[in-house]
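To start, the structure itself, in structure tokens.
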Amino acid sequence: MGSATREALAAGTQALHAAGAVDQNTVTELFAVGRAIDSSAQLRALLADPAAEAAVKVAATERIFGKAVSATTLGLVNSVVSQRWSTSVDLLEGIEDLGLRAAAVSAGAEAPITSELFEFGQIVASDAELELALGSKLGAAKDKAAVATKLLEGKALPQTVAIVEHLVAQPRGRRIRELLRTAAATVADQQGFAIATVTSAVPLSDAQVERLSASLSAQYGRSLRVNKIIDPTIVGGLRVQIGDDVFDGSVSTRLSELRLQLAG
């Protein structure tokens with residue numbers, strides 16, 4: 001990620017904080033605007049062009065989206081396109097990032113969006129056909145979104161449904177499980193915590209999870225919430241992932257390392 005993109009993302013987050021009333025409609029509209037920009041090579045090139053003046057970009061978004069979205073959404077979109085982005089892909093990711101953060105803001109700090117995304121990811125991971133259907137490049141975006149909606153209907157917050165619908169409709173070459181993990185991390189960051197995904201061979205007790213969470217929170221200097229995965233193939237020990245950091249103390253990994261050492 002280039003420095004221009006990092007600065008642009010920060011500016012987008014600041015604009016969201018200053019926006020005031022952000023609701024579910026804002027979330028849906030931000031995601032829709034991102035998909036619309038992605039569908040137009042000409043518009044995407046203009047809005048991501050570092051040489052184009054911010055006023056020109058804002059005029060374009062107001063002309064195209066001014067009557068289609070709320071004033072709040074349009075203001076947020078204008079704040080994003082006014083920034084300088086390293087690439088057009090970064091611009092799309094910036095709008096997506098803003099949509100995810102808007103979902104967190106509209107739902108509230110205690111809303112279980114991250115746990116719902118994690119649970120949906122587990123459902124996808126356990127069903128190869130479903131993962132293929134949602135991740136296939138051949139399927140129509142609206143059909144994939146409909147499948148996701150049917151699975152989540154009545155079981156998840158509207159913000160969670162909107163996030164999943166968007167991700168399966170606009171994967172941009174990314175795998176669905178990675179999309180869900182990244183989206184959950186962004187929502188968690190906006191809600192003020194980080195996510196630790198802990199894989200163990202057998203279920204951990206509540207006391208063990210609390211001790212682990214407290215220890216990791218102390219190391220990272222921020223609140224953490226734990227997602228638990230049971231995987232007997234790791235034999236024993238734990239595998240912990242926090243963002244891009246992976247701590248693998250599983251028995252299966254240690255045995256693999258030992259085999260490599262013996263083979264060498």
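We label chains A, B, ... in the order they appear in the structure tokens, count residues from 1 in each chain, and number ligands from 1 in the order shown.
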
Just asking: which residues within stretch 183-261 of chain A are helix (DSSP H, G or I) according to DSSP, as a CSV table (one decimal) with all heavy atoms, in the first residue's frame?
```
chain,number,residue,atom,x,y,z
A,183,ALA,N,-12.7,-8.1,6.0
A,183,ALA,CA,-13.9,-7.3,6.4
A,183,ALA,C,-14.1,-7.2,7.9
A,183,ALA,O,-14.4,-6.2,8.5
A,183,ALA,CB,-15.1,-7.7,5.6
A,184,ALA,N,-14.0,-8.4,8.5
A,184,ALA,CA,-14.3,-8.5,9.9
A,184,ALA,C,-13.2,-7.7,10.7
A,184,ALA,O,-13.5,-7.0,11.7
A,184,ALA,CB,-14.2,-9.9,10.4
A,185,ALA,N,-12.0,-7.7,10.2
A,185,ALA,CA,-10.9,-7.0,10.8
A,185,ALA,C,-11.1,-5.5,10.8
A,185,ALA,O,-10.8,-4.7,11.7
A,185,ALA,CB,-9.5,-7.4,10.2
A,186,THR,N,-11.6,-5.0,9.6
A,186,THR,CA,-11.9,-3.6,9.4
A,186,THR,C,-13.0,-3.1,10.3
A,186,THR,O,-13.0,-2.1,11.0
A,186,THR,CB,-12.2,-3.3,8.0
A,186,THR,OG1,-11.1,-3.7,7.1
A,186,THR,CG2,-12.5,-1.8,7.8
A,187,VAL,N,-14.1,-3.9,10.4
A,187,VAL,CA,-15.2,-3.6,11.3
A,187,VAL,C,-14.7,-3.6,12.7
A,187,VAL,O,-15.1,-2.7,13.5
A,187,VAL,CB,-16.4,-4.6,11.1
A,187,VAL,CG1,-17.4,-4.5,12.2
A,187,VAL,CG2,-17.0,-4.5,9.7
A,188,ALA,N,-14.0,-4.6,13.1
A,188,ALA,CA,-13.5,-4.7,14.5
A,188,ALA,C,-12.6,-3.4,14.8
A,188,ALA,O,-12.7,-2.9,15.9
A,188,ALA,CB,-12.6,-5.9,14.7
A,189,ASP,N,-11.8,-3.0,13.9
A,189,ASP,CA,-11.0,-1.8,14.1
A,189,ASP,C,-11.8,-0.6,14.4
A,189,ASP,O,-11.5,0.2,15.3
A,189,ASP,CB,-10.0,-1.6,12.9
A,189,ASP,CG,-9.1,-0.4,13.1
A,189,ASP,OD1,-8.2,-0.5,13.9
A,189,ASP,OD2,-9.3,0.6,12.4
A,190,GLN,N,-12.9,-0.5,13.6
A,190,GLN,CA,-13.8,0.7,13.8
A,190,GLN,C,-14.5,0.6,15.1
A,190,GLN,O,-14.8,1.6,15.7
A,190,GLN,CB,-14.8,0.7,12.6
A,190,GLN,CG,-15.7,1.9,12.6
A,190,GLN,CD,-14.9,3.2,12.5
A,190,GLN,OE1,-14.0,3.3,11.7
A,190,GLN,NE2,-15.4,4.3,13.2
A,191,GLN,N,-14.8,-0.6,15.6
A,191,GLN,CA,-15.5,-0.8,16.8
A,191,GLN,C,-14.6,-0.8,18.0
A,191,GLN,O,-15.0,-0.9,19.2
A,191,GLN,CB,-16.3,-2.1,16.8
A,191,GLN,CG,-17.5,-2.1,15.9
A,191,GLN,CD,-18.2,-3.4,15.9
A,191,GLN,OE1,-17.6,-4.5,15.9
A,191,GLN,NE2,-19.6,-3.3,16.0
A,206,ASP,N,-13.9,-21.7,28.8
A,206,ASP,CA,-14.1,-20.3,28.9
A,206,ASP,C,-12.9,-19.6,29.6
A,206,ASP,O,-12.5,-18.5,29.3
A,206,ASP,CB,-15.4,-19.9,29.6
A,206,ASP,CG,-16.6,-20.3,28.8
A,206,ASP,OD1,-16.5,-20.5,27.5
A,206,ASP,OD2,-17.7,-20.4,29.3
A,207,ALA,N,-12.5,-20.3,30.7
A,207,ALA,CA,-11.4,-19.8,31.5
A,207,ALA,C,-10.1,-19.7,30.6
A,207,ALA,O,-9.3,-18.7,30.7
A,207,ALA,CB,-11.1,-20.6,32.7
A,208,GLN,N,-9.8,-20.7,29.8
A,208,GLN,CA,-8.7,-20.7,28.9
A,208,GLN,C,-8.7,-19.6,27.9
A,208,GLN,O,-7.8,-18.9,27.6
A,208,GLN,CB,-8.5,-22.0,28.2
A,208,GLN,CG,-8.1,-23.2,29.1
A,208,GLN,CD,-8.1,-24.5,28.4
A,208,GLN,OE1,-9.1,-24.8,27.7
A,208,GLN,NE2,-7.0,-25.3,28.5
A,209,VAL,N,-9.9,-19.4,27.4
A,209,VAL,CA,-10.1,-18.3,26.4
A,209,VAL,C,-9.9,-16.9,27.0
A,209,VAL,O,-9.3,-16.0,26.4
A,209,VAL,CB,-11.5,-18.4,25.7
A,209,VAL,CG1,-11.8,-17.1,24.9
A,209,VAL,CG2,-11.7,-19.6,24.9
A,210,GLU,N,-10.4,-16.8,28.2
A,210,GLU,CA,-10.3,-15.5,28.9
A,210,GLU,C,-8.8,-15.2,29.2
A,210,GLU,O,-8.3,-14.1,29.1
A,210,GLU,CB,-11.1,-15.5,30.2
A,210,GLU,CG,-12.6,-15.4,30.0
A,210,GLU,CD,-13.3,-15.5,31.3
A,210,GLU,OE1,-12.7,-15.4,32.4
A,210,GLU,OE2,-14.6,-15.6,31.3
A,211,ARG,N,-8.1,-16.2,29.7
A,211,ARG,CA,-6.6,-16.0,30.0
A,211,ARG,C,-5.9,-15.7,28.7
A,211,ARG,O,-5.0,-14.8,28.7
A,211,ARG,CB,-6.0,-17.3,30.6
A,211,ARG,CG,-6.5,-17.5,32.1
A,211,ARG,CD,-5.6,-18.5,32.8
A,211,ARG,NE,-5.6,-19.8,32.2
A,211,ARG,CZ,-6.5,-20.7,32.5
A,211,ARG,NH1,-7.4,-20.5,33.4
A,211,ARG,NH2,-6.5,-21.9,31.9
A,212,LEU,N,-6.2,-16.4,27.6
A,212,LEU,CA,-5.5,-16.2,26.4
A,212,LEU,C,-5.8,-14.8,25.8
A,212,LEU,O,-4.9,-14.0,25.4
A,212,LEU,CB,-5.9,-17.2,25.3
A,212,LEU,CG,-5.3,-17.1,23.9
A,212,LEU,CD1,-3.8,-17.2,24.0
A,212,LEU,CD2,-5.9,-18.2,23.0
A,213,SER,N,-7.1,-14.4,25.9
A,213,SER,CA,-7.5,-13.0,25.4
A,213,SER,C,-6.8,-12.0,26.2
A,213,SER,O,-6.3,-11.0,25.7
A,213,SER,CB,-9.0,-12.9,25.6
A,213,SER,OG,-9.4,-11.6,25.1
A,214,ALA,N,-6.7,-12.1,27.6
A,214,ALA,CA,-6.0,-11.1,28.4
A,214,ALA,C,-4.6,-11.0,28.1
A,214,ALA,O,-4.0,-9.9,28.0
A,214,ALA,CB,-6.2,-11.5,29.9
A,215,SER,N,-3.9,-12.2,27.8
A,215,SER,CA,-2.5,-12.2,27.5
A,215,SER,C,-2.2,-11.5,26.2
A,215,SER,O,-1.3,-10.7,26.1
A,215,SER,CB,-2.0,-13.6,27.5
A,215,SER,OG,-0.6,-13.6,27.1
A,216,LEU,N,-3.0,-11.8,25.2
A,216,LEU,CA,-2.8,-11.2,23.9
A,216,LEU,C,-3.2,-9.7,23.9
A,216,LEU,O,-2.5,-9.0,23.2
A,216,LEU,CB,-3.7,-12.0,22.8
A,216,LEU,CG,-3.3,-13.4,22.5
A,216,LEU,CD1,-4.4,-14.1,21.7
A,216,LEU,CD2,-2.0,-13.5,21.8
A,217,SER,N,-4.2,-9.4,24.6
A,217,SER,CA,-4.6,-8.0,24.7
A,217,SER,C,-3.4,-7.2,25.3
A,217,SER,O,-3.1,-6.0,24.8
A,217,SER,CB,-5.8,-7.8,25.5
A,217,SER,OG,-6.9,-8.4,24.9
A,218,ALA,N,-2.8,-7.7,26.3
A,218,ALA,CA,-1.6,-7.0,26.9
A,218,ALA,C,-0.5,-6.9,26.0
A,218,ALA,O,0.2,-5.8,25.9
A,218,ALA,CB,-1.2,-7.8,28.2
A,219,GLN,N,-0.2,-7.9,25.1
A,219,GLN,CA,0.9,-7.9,24.2
A,219,GLN,C,0.6,-6.8,23.1
A,219,GLN,O,1.5,-6.1,22.6
A,219,GLN,CB,1.1,-9.2,23.6
A,219,GLN,CG,1.7,-10.3,24.5
A,219,GLN,CD,1.9,-11.6,23.8
A,219,GLN,OE1,2.5,-11.7,22.7
A,219,GLN,NE2,1.4,-12.7,24.4
A,220,TYR,N,-0.7,-6.8,22.6
A,220,TYR,CA,-1.0,-5.9,21.5
A,220,TYR,C,-1.4,-4.5,21.9
A,220,TYR,O,-1.6,-3.6,21.1
A,220,TYR,CB,-2.1,-6.5,20.6
A,220,TYR,CG,-1.5,-7.5,19.6
A,220,TYR,CD1,-1.2,-8.8,20.0
A,220,TYR,CD2,-1.3,-7.1,18.3
A,220,TYR,CE1,-0.6,-9.7,19.1
A,220,TYR,CE2,-0.7,-8.0,17.4
A,220,TYR,CZ,-0.4,-9.3,17.8
A,220,TYR,OH,0.2,-10.2,16.9
A,232,PRO,N,-8.9,-31.0,14.6
A,232,PRO,CA,-8.2,-32.1,15.2
A,232,PRO,C,-6.8,-32.4,14.5
A,232,PRO,O,-6.0,-33.0,15.1
A,232,PRO,CB,-9.1,-33.3,15.1
A,232,PRO,CG,-10.5,-32.7,15.0
A,232,PRO,CD,-10.3,-31.4,14.2
A,233,THR,N,-6.7,-32.0,13.3
A,233,THR,CA,-5.5,-32.3,12.5
A,233,THR,C,-4.2,-31.6,13.1
A,233,THR,O,-3.1,-32.0,12.8
A,233,THR,CB,-5.6,-31.9,11.0
A,233,THR,OG1,-5.8,-30.5,10.9
A,233,THR,CG2,-6.8,-32.7,10.4
A,234,ILE,N,-4.4,-30.6,13.9
A,234,ILE,CA,-3.2,-29.9,14.5
A,234,ILE,C,-2.7,-30.7,15.6
A,234,ILE,O,-1.6,-30.4,16.2
A,234,ILE,CB,-3.5,-28.4,14.8
A,234,ILE,CG1,-4.4,-28.3,16.1
A,234,ILE,CG2,-4.1,-27.7,13.7
A,234,ILE,CD1,-4.4,-26.9,16.7
A,251,VAL,N,1.2,-28.9,17.5
A,251,VAL,CA,2.0,-30.1,17.4
A,251,VAL,C,2.3,-30.5,16.0
A,251,VAL,O,3.4,-30.9,15.6
A,251,VAL,CB,1.4,-31.3,18.2
A,251,VAL,CG1,2.1,-32.6,18.0
A,251,VAL,CG2,1.3,-30.9,19.7
A,252,SER,N,1.3,-30.4,15.1
A,252,SER,CA,1.4,-30.9,13.7
A,252,SER,C,2.5,-30.0,13.0
A,252,SER,O,3.3,-30.6,12.3
A,252,SER,CB,0.1,-30.7,13.0
A,252,SER,OG,-0.3,-29.4,12.9
A,253,THR,N,2.6,-28.8,13.3
A,253,THR,CA,3.6,-27.9,12.7
A,253,THR,C,5.0,-28.3,13.3
A,253,THR,O,6.0,-28.3,12.5
A,253,THR,CB,3.3,-26.4,13.0
A,253,THR,OG1,2.1,-26.1,12.3
A,253,THR,CG2,4.4,-25.5,12.5
A,254,ARG,N,5.1,-28.5,14.6
A,254,ARG,CA,6.4,-28.8,15.1
A,254,ARG,C,6.9,-30.2,14.6
A,254,ARG,O,8.1,-30.3,14.4
A,254,ARG,CB,6.3,-28.9,16.7
A,254,ARG,CG,6.0,-27.5,17.3
A,254,ARG,CD,6.4,-27.5,18.8
A,254,ARG,NE,5.6,-28.4,19.6
A,254,ARG,CZ,4.5,-28.0,20.2
A,254,ARG,NH1,4.0,-26.7,20.0
A,254,ARG,NH2,3.8,-28.8,20.9
A,255,LEU,N,6.0,-31.1,14.4
A,255,LEU,CA,6.4,-32.4,13.8
A,255,LEU,C,6.8,-32.2,12.4
A,255,LEU,O,7.8,-32.9,11.9
A,255,LEU,CB,5.2,-33.4,13.9
A,255,LEU,CG,4.8,-33.9,15.3
A,255,LEU,CD1,3.5,-34.7,15.2
A,255,LEU,CD2,5.9,-34.8,15.8
A,256,SER,N,6.1,-31.4,11.6
A,256,SER,CA,6.5,-31.1,10.2
A,256,SER,C,7.9,-30.5,10.2
A,256,SER,O,8.8,-30.9,9.3
A,256,SER,CB,5.5,-30.2,9.5
A,256,SER,OG,4.3,-30.8,9.4
A,257,GLU,N,8.2,-29.6,11.1
A,257,GLU,CA,9.5,-28.9,11.1
A,257,GLU,C,10.6,-29.9,11.5
A,257,GLU,O,11.7,-29.9,10.9
A,257,GLU,CB,9.5,-27.8,12.1
A,257,GLU,CG,8.6,-26.6,11.7
A,257,GLU,CD,8.5,-25.6,12.8
A,257,GLU,OE1,8.9,-25.8,13.9
A,257,GLU,OE2,8.0,-24.5,12.5
A,258,LEU,N,10.2,-30.8,12.4
A,258,LEU,CA,11.2,-31.9,12.8
A,258,LEU,C,11.5,-32.8,11.7
A,258,LEU,O,12.7,-33.2,11.4
A,258,LEU,CB,10.7,-32.7,14.0
A,258,LEU,CG,11.6,-33.8,14.5
A,258,LEU,CD1,12.9,-33.3,15.0
A,258,LEU,CD2,10.9,-34.5,15.7
A,259,ARG,N,10.5,-33.2,10.9
A,259,ARG,CA,10.7,-34.1,9.7
A,259,ARG,C,11.6,-33.4,8.7
A,259,ARG,O,12.5,-34.0,8.1
A,259,ARG,CB,9.4,-34.4,9.1
A,259,ARG,CG,8.6,-35.5,9.9
A,259,ARG,CD,7.5,-36.1,9.1
A,259,ARG,NE,6.4,-35.1,8.9
A,259,ARG,CZ,5.3,-35.0,9.7
A,259,ARG,NH1,5.2,-35.8,10.7
A,259,ARG,NH2,4.4,-34.1,9.4
A,260,LEU,N,11.4,-32.1,8.5
A,260,LEU,CA,12.2,-31.4,7.5
A,260,LEU,C,13.7,-31.3,8.0
A,260,LEU,O,14.6,-31.5,7.2
A,260,LEU,CB,11.7,-29.9,7.4
A,260,LEU,CG,10.4,-29.8,6.6
A,260,LEU,CD1,9.9,-28.3,6.6
A,260,LEU,CD2,10.6,-30.2,5.1
A,261,GLN,N,13.9,-31.1,9.3
A,261,GLN,CA,15.2,-31.1,9.8
A,261,GLN,C,15.9,-32.5,9.7
A,261,GLN,O,17.1,-32.6,9.3
A,261,GLN,CB,15.2,-30.7,11.3
A,261,GLN,CG,14.8,-29.3,11.6
A,261,GLN,CD,14.6,-29.0,13.1
A,261,GLN,OE1,14.9,-29.8,13.9
A,261,GLN,NE2,14.1,-27.8,13.4
```

So that each row is one residue of stretch 164-239 of chain A with an atom at most 12 Å from stretch 95-118 of chain A, can you give its shortest atom pair and the distance in Å to one decimal, using only C-alpha atoms, rows by chain and rising number, as JSON lines?
```
{"residue": "A:Val164", "atom": "CA", "partner": "A:Leu117", "partner_atom": "CA", "distance": 7.8}
{"residue": "A:Glu165", "atom": "CA", "partner": "A:Leu117", "partner_atom": "CA", "distance": 11.5}
{"residue": "A:His166", "atom": "CA", "partner": "A:Glu96", "partner_atom": "CA", "distance": 8.9}
{"residue": "A:Leu167", "atom": "CA", "partner": "A:Glu96", "partner_atom": "CA", "distance": 9.1}
{"residue": "A:Gln170", "atom": "CA", "partner": "A:Glu96", "partner_atom": "CA", "distance": 9.9}
{"residue": "A:Pro171", "atom": "CA", "partner": "A:Glu96", "partner_atom": "CA", "distance": 11.0}
{"residue": "A:Arg172", "atom": "CA", "partner": "A:Glu96", "partner_atom": "CA", "distance": 11.7}
{"residue": "A:Ile176", "atom": "CA", "partner": "A:Leu117", "partner_atom": "CA", "distance": 11.1}
{"residue": "A:Arg177", "atom": "CA", "partner": "A:Phe118", "partner_atom": "CA", "distance": 9.1}
{"residue": "A:Glu178", "atom": "CA", "partner": "A:Phe118", "partner_atom": "CA", "distance": 10.8}
{"residue": "A:Leu179", "atom": "CA", "partner": "A:Leu117", "partner_atom": "CA", "distance": 9.9}
{"residue": "A:Leu180", "atom": "CA", "partner": "A:Leu117", "partner_atom": "CA", "distance": 6.2}
{"residue": "A:Arg181", "atom": "CA", "partner": "A:Phe118", "partner_atom": "CA", "distance": 7.3}
{"residue": "A:Thr182", "atom": "CA", "partner": "A:Asp97", "partner_atom": "CA", "distance": 9.8}
{"residue": "A:Ala183", "atom": "CA", "partner": "A:Leu100", "partner_atom": "CA", "distance": 6.8}
{"residue": "A:Ala184", "atom": "CA", "partner": "A:Thr114", "partner_atom": "CA", "distance": 4.9}
{"residue": "A:Ala185", "atom": "CA", "partner": "A:Thr114", "partner_atom": "CA", "distance": 7.6}
{"residue": "A:Thr186", "atom": "CA", "partner": "A:Leu100", "partner_atom": "CA", "distance": 6.7}
{"residue": "A:Val187", "atom": "CA", "partner": "A:Ala104", "partner_atom": "CA", "distance": 5.6}
{"residue": "A:Ala188", "atom": "CA", "partner": "A:Thr114", "partner_atom": "CA", "distance": 6.6}
{"residue": "A:Asp189", "atom": "CA", "partner": "A:Arg101", "partner_atom": "CA", "distance": 8.4}
{"residue": "A:Gln190", "atom": "CA", "partner": "A:Arg101", "partner_atom": "CA", "distance": 5.8}
{"residue": "A:Gln191", "atom": "CA", "partner": "A:Ala109", "partner_atom": "CA", "distance": 4.9}
{"residue": "A:Gly192", "atom": "CA", "partner": "A:Ala109", "partner_atom": "CA", "distance": 7.6}
{"residue": "A:Phe193", "atom": "CA", "partner": "A:Ala109", "partner_atom": "CA", "distance": 9.6}
{"residue": "A:Ala194", "atom": "CA", "partner": "A:Thr114", "partner_atom": "CA", "distance": 10.0}
{"residue": "A:Ile195", "atom": "CA", "partner": "A:Thr114", "partner_atom": "CA", "distance": 8.5}
{"residue": "A:Ala196", "atom": "CA", "partner": "A:Phe118", "partner_atom": "CA", "distance": 11.3}
{"residue": "A:Thr197", "atom": "CA", "partner": "A:Phe118", "partner_atom": "CA", "distance": 9.5}
{"residue": "A:Leu224", "atom": "CA", "partner": "A:Thr114", "partner_atom": "CA", "distance": 11.9}
{"residue": "A:Arg225", "atom": "CA", "partner": "A:Ser115", "partner_atom": "CA", "distance": 9.3}
{"residue": "A:Val226", "atom": "CA", "partner": "A:Ser115", "partner_atom": "CA", "distance": 9.3}
{"residue": "A:Asn227", "atom": "CA", "partner": "A:Phe118", "partner_atom": "CA", "distance": 7.5}
{"residue": "A:Lys228", "atom": "CA", "partner": "A:Phe118", "partner_atom": "CA", "distance": 9.5}
{"residue": "A:Ile229", "atom": "CA", "partner": "A:Phe118", "partner_atom": "CA", "distance": 10.1}
```

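For A:Gly20, the residues within 10 Å (counting only C-alpha atoms, excluding itself and residues fewer than 3 positions away along the chain) are Ala15, Leu16, His17, Asp23, Thr72 and Val105 of chain A.
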
May I have the residues from that selection written out with C-alpha atoms, as a PDB file, in the first residue's frame?
```
ATOM      1  CA  ALA A  15     -14.817  12.121   7.063  1.00  0.00           C
ATOM      2  CA  LEU A  16     -16.931   9.265   8.436  1.00  0.00           C
ATOM      3  CA  HIS A  17     -16.388  10.476  11.998  1.00  0.00           C
ATOM      4  CA  ASP A  23     -27.397   4.580   8.920  1.00  0.00           C
ATOM      5  CA  THR A  72     -24.539  11.860   3.609  1.00  0.00           C
ATOM      6  CA  VAL A 105     -20.839   2.927  13.058  1.00  0.00           C
TER       7      VAL A 105
END
```

- Query: Taking into account only C-alpha atoms, which residue in the set A:Thr61, A:Val80, A:Leu132, A:Phe120 is nearest to A:Lys150?
  - Reply: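 Once distances to A:Lys150 are computed over only C-alpha atoms, the minimum belongs to A:Phe120.
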
- Could you check how far atom CA of A:Gln159 sits from atom CA of A:Thr28, in Å to one decimal?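 About the pair atom CA of A:Gln159 and atom CA of A:Thr28: they are 8.3 Å apart.
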
- Find the residues around A:Leu9 up to 7 Å (only C-alpha atoms counted), leave out those fewer than 4 positions away in its own chain, and share them as a PyMOL selection string. chain A and resi 5+13+94

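Among the candidates A:Ala8, A:Leu134, A:Ala71, A:Val33, the one nearest to A:Trp85 when counting only C-alpha atoms is A:Ala8.
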
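Within 7 Å of A:Pro50, once only C-alpha atoms are used and residues closer than 2 positions along the same chain are dropped, the contacting residues are Ala48, Ala52, Arg84 and Trp85 of chain A.
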
- Message: Which residue is closest to A:Val161? Choose from A:Gln241, A:Gln42, A:Ser136, A:Gln24 and count only C-alpha atoms.
- Response: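 So, comparing all the options, the nearest one is A:Gln24.
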
- Query: Which residue, A:Asp49, A:Leu157, A:Ser126, A:Ala145, has the smallest gap to A:Asp231 when you use only C-alpha atoms?
  - Reply: A:Ser126

- Item | Nearest residue to A:Arg6 from the set A:Ser39, A:Thr160, A:Thr87, A:Thr149 (distances using only C-alpha atoms) |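 Looking at the shortest contact to A:Arg6, the residue is A:Thr87.
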
- Task: Find, counting only C-alpha atoms, the residue in A:Leu30, A:Ala140, A:Ala4, A:Glu129 that gets nearest to A:Ser82.
- Result: A:Ala4
